[in-house]
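S.K.: Here's a structure for you.
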Amino acid sequence: MGAIGELHETIHTAHPGASLVRGADMALYTSFRTGGRARLLLEASGREEVSFALEAARGLGVPYHVIGNGTNLLVSDRGLEALVVRVGERMGGFAQEGNRFEAGAGMSLAAFAKSTVEAGFSGLEWAAGIPGTVGGALAMNAGAYGGEIAQVVREAVVIEEGEIRRVAVKPGDMGYRKSAFRAPARVVLRARFELNGDDGSAVQRMREYNKARREKQPLQYPSAGSTFKRPEGHFAGRLIEGAGLKGLRVGGAEVSELHAGFIINRDGATSADVYKLIRLVQRRVFEHSGVTLEPEVMLLGDFDG
């Protein structure tokens, strides 16, 4: 049967209603629309199910990955010899008490942000166009237009050392695209936010941010958003454009003509195409400006073998 088969049976026996997919096509679970197959994928529906699956995988020696909407991931074309736990819409929803909101990790960050603004609060209007999940946003301290998750999140319910815990977010837990709430050390299940009352300006800011995204970002093509982190004192897109790389292609992957900070799946790209283009851009930008670009996109699987 093998470890993966045994893991499948173990999860199914303990949670008969679990949504398990053997040989899951990861192109269907990532915004790049690329990648090979994962040996086993669980569409998680609750905290106990997630906790059990991860503990079972550890017990059987099966590697695992926890993902949300896959909007910041590049999965190897070779696939994943692992369990993938997807914390998606089945673990969404939110509750409100005054200016406090608690959202499930699988809820769309954009939908959550829009709901808080519509309820009369500010602090998440910058996130109304970000396609990831609440859990994914905590895992990378997502941010845009001067805002970031660290400014408004106060607590998180996580799986840590095999236990479900509610932990406070402390100073230093989060930085620029860094977070203490990233798997495998911590798997976010829910998060609590404290927001400020809005005088009506948050609605207008949200509209302006979304308008800017539509006009300046290549939203019609699959991508993972901004491909590179912002180097200190610079903007990645400007460095890439300055090196003359707009429109540069490797296979079906392209540096967007609209926004050089985005690598897009222009025409049937593979993950290998995207990866090679990332490396090529890094090399060319360094040659041109002496600045080393660090990918913001997370890699899963084998790319150098």
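Residues in the structure tokens are named by chain (A, B, ... in the order shown) and by number from 1 within that chain; ligands are numbered from 1 in the order shown.
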Name the residues of stretch 24-95 of chain A that come out as alpha helix (DSSP H) in a backbone DSSP run; write them as a ChimeraX atom specification.

M.R.: /A:47-60

S.K.: Against stretch 189-199 of chain A, which residues of stretch 66-165 of chain A fall within 10 Å? For each one I want the closest pair of atoms and the distance in Å (one decimal), counting only C-alpha atoms, rows by chain and increasing residue number, as a tab-separated table.

M.R.:
```
residue	atom	partner	partner_atom	distance
A:Val87	CA	A:Leu189	CA	8.2
A:Met91	CA	A:Leu189	CA	7.8
A:Gly92	CA	A:Arg190	CA	8.6
A:Gly93	CA	A:Arg190	CA	9.6
A:Phe94	CA	A:Arg190	CA	9.0
A:Ala95	CA	A:Arg192	CA	9.4
A:Gln96	CA	A:Phe193	CA	9.6
A:Glu97	CA	A:Glu194	CA	9.8
A:Gly98	CA	A:Glu194	CA	9.1
A:Asn99	CA	A:Leu195	CA	5.4
A:Arg100	CA	A:Glu194	CA	4.7
A:Phe101	CA	A:Phe193	CA	5.2
A:Glu102	CA	A:Arg192	CA	4.2
A:Ala103	CA	A:Ala191	CA	5.6
A:Gly104	CA	A:Arg190	CA	4.4
A:Ala105	CA	A:Arg190	CA	4.9
A:Gly106	CA	A:Leu189	CA	7.8
A:Met107	CA	A:Arg190	CA	9.3
A:Thr116	CA	A:Leu195	CA	8.4
A:Val117	CA	A:Asp198	CA	7.8
A:Glu118	CA	A:Asp198	CA	9.7
A:Ala119	CA	A:Asp198	CA	9.0
A:Gly120	CA	A:Asp198	CA	5.4
A:Phe121	CA	A:Gly197	CA	4.5
A:Ser122	CA	A:Asp198	CA	5.2
A:Gly123	CA	A:Leu195	CA	5.6
A:Leu124	CA	A:Leu195	CA	8.0
A:Val134	CA	A:Ala191	CA	7.7
A:Gly135	CA	A:Leu189	CA	7.0
A:Leu138	CA	A:Ala191	CA	8.4
A:Ile149	CA	A:Phe193	CA	9.0
A:Ala150	CA	A:Phe193	CA	9.6
A:Gln151	CA	A:Glu194	CA	9.1
A:Val152	CA	A:Phe193	CA	5.5
A:Val153	CA	A:Phe193	CA	4.4
A:Arg154	CA	A:Phe193	CA	5.5
A:Glu155	CA	A:Arg192	CA	5.1
A:Ala156	CA	A:Ala191	CA	4.2
A:Val157	CA	A:Arg190	CA	5.0
A:Val158	CA	A:Leu189	CA	5.4
A:Ile159	CA	A:Leu189	CA	7.4
A:Ile164	CA	A:Leu189	CA	8.8
A:Arg165	CA	A:Leu189	CA	9.6
```

S.K.: Residues at most 12 Å from stretch 9-17 of chain A, counting only C-alpha atoms, excluding those fewer than 4 positions away in the same chain, as a ChimeraX atom specification?

M.R.: /A:1-5,21-22,40-57,59-60,83,85

S.K.: For stretch 244-260 of chain A, work out the shell of residues within 6 Å, counting only C-alpha atoms and skipping chain neighbours fewer than 3 positions away, then give it as a list in words.

M.R.: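 Within the cut-off, the hits are Gln217, Gly237, Ile240, Glu241, Ile263, Ile264, Asn265, Arg266, Asp267, Gly268, Ala269, Asp273, Val274 and Leu277 of chain A.
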
S.K.: Write out the residues from the selection above, keeping C-alpha atoms, as a PDB file, in the first residue's frame.

M.R.:
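Writing done, so here's result.pdb:
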```pdb
ATOM      1  CA  GLN A 217      -1.530  44.907 -12.903  1.00  0.00           C
ATOM      2  CA  GLY A 237       9.445  46.453 -10.886  1.00  0.00           C
ATOM      3  CA  ILE A 240      13.448  44.995 -13.787  1.00  0.00           C
ATOM      4  CA  GLU A 241      12.134  47.604 -16.208  1.00  0.00           C
ATOM      5  CA  ILE A 263       5.904  37.228 -14.060  1.00  0.00           C
ATOM      6  CA  ILE A 264       2.845  35.852 -15.821  1.00  0.00           C
ATOM      7  CA  ASN A 265       1.775  32.588 -17.393  1.00  0.00           C
ATOM      8  CA  ARG A 266       1.314  34.136 -20.819  1.00  0.00           C
ATOM      9  CA  ASP A 267       0.852  31.013 -22.897  1.00  0.00           C
ATOM     10  CA  GLY A 268       0.835  27.513 -21.390  1.00  0.00           C
ATOM     11  CA  ALA A 269       3.884  28.040 -19.179  1.00  0.00           C
ATOM     12  CA  ASP A 273       9.537  28.140 -17.397  1.00  0.00           C
ATOM     13  CA  VAL A 274       8.559  30.431 -14.531  1.00  0.00           C
ATOM     14  CA  LEU A 277      12.624  33.235 -15.867  1.00  0.00           C
TER      15      LEU A 277
END
```

S.K.: So which residues touch A:Glu296 within 12 Å, counting only C-alpha atoms, skipping near sequence neighbours fewer than 5 positions away, as a PDB file with C-alpha atoms, in the first residue's frame?

M.R.:
```
ATOM      1  CA  THR A  71      -1.742  32.513  -4.855  1.00  0.00           C
ATOM      2  CA  ASN A  72       1.877  32.808  -3.782  1.00  0.00           C
ATOM      3  CA  LEU A  73       3.132  29.352  -4.769  1.00  0.00           C
ATOM      4  CA  LEU A  74       5.091  27.785  -7.582  1.00  0.00           C
ATOM      5  CA  MET A 140       3.518  35.945   4.855  1.00  0.00           C
ATOM      6  CA  ASN A 141       2.349  39.173   6.543  1.00  0.00           C
ATOM      7  CA  ALA A 142       0.624  40.252   3.351  1.00  0.00           C
ATOM      8  CA  TYR A 176       8.212  42.573   5.768  1.00  0.00           C
ATOM      9  CA  ARG A 177       6.942  39.352   4.182  1.00  0.00           C
ATOM     10  CA  LYS A 178       8.057  37.480   7.300  1.00  0.00           C
ATOM     11  CA  ALA A 224       1.350  34.867  -8.233  1.00  0.00           C
ATOM     12  CA  GLY A 225       1.164  38.637  -7.935  1.00  0.00           C
ATOM     13  CA  SER A 226       4.407  40.465  -7.235  1.00  0.00           C
ATOM     14  CA  THR A 227       7.145  37.958  -8.005  1.00  0.00           C
ATOM     15  CA  PHE A 228       9.910  39.604  -5.983  1.00  0.00           C
ATOM     16  CA  LYS A 229      10.193  41.236  -2.583  1.00  0.00           C
ATOM     17  CA  ARG A 230      10.862  44.967  -2.479  1.00  0.00           C
ATOM     18  CA  PRO A 231      14.626  45.510  -2.088  1.00  0.00           C
ATOM     19  CA  ALA A 236      11.581  45.499  -7.895  1.00  0.00           C
ATOM     20  CA  GLY A 261       7.188  43.197 -11.121  1.00  0.00           C
ATOM     21  CA  PHE A 262       4.866  40.429 -12.325  1.00  0.00           C
ATOM     22  CA  ILE A 263       5.904  37.228 -14.060  1.00  0.00           C
ATOM     23  CA  ILE A 278      12.856  34.177 -12.185  1.00  0.00           C
TER      24      ILE A 278
END
```

S.K.: Which one of A:Leu219, A:Val297, A:Ala127, A:Ala18 sits closest to A:Gly146 if you count only C-alpha atoms?

M.R.: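 Closest to A:Gly146 of all the choices is A:Ala127.
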
S.K.: Please report, as an NGL selection string, each residue of stretch 65-168 of chain A to which DSSP assigns strand (DSSP E or B) when run on this structure's backbone.

M.R.: :A and (65-67 or 73-75 or 80-86 or 94-97 or 100-104 or 108 or 121-122 or 133 or 143-144 or 147-148 or 153-160 or 163-168)

S.K.: Which value, in Å to one decimal, gives the distance between atom CA of A:Val167 and atom CA of A:Pro184?

M.R.: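 Value for the atom CA of A:Val167-atom CA of A:Pro184 distance: 15.9 Å.
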
S.K.: Which residue is closest to A:Glu89? Choose from A:Ala113, A:Thr133, A:Lys276, A:Arg58 and count only C-alpha atoms.

M.R.: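 Smallest separation from A:Glu89 among the options: A:Thr133.
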
S.K.: Using only C-alpha atoms, find the one residue out of A:Phe112, A:Val187, A:Gly68, A:Tyr221 that sits nearest to A:Gly162.

M.R.: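 Result for the nearest residue to A:Gly162: A:Val187.
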
S.K.: Taking only C-alpha atoms into account, which of A:Leu293, A:Ala128, A:Leu300, A:Val203 comes nearest A:Val84?

M.R.: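 Ranked by minimum distance to A:Val84, first place goes to A:Leu300.
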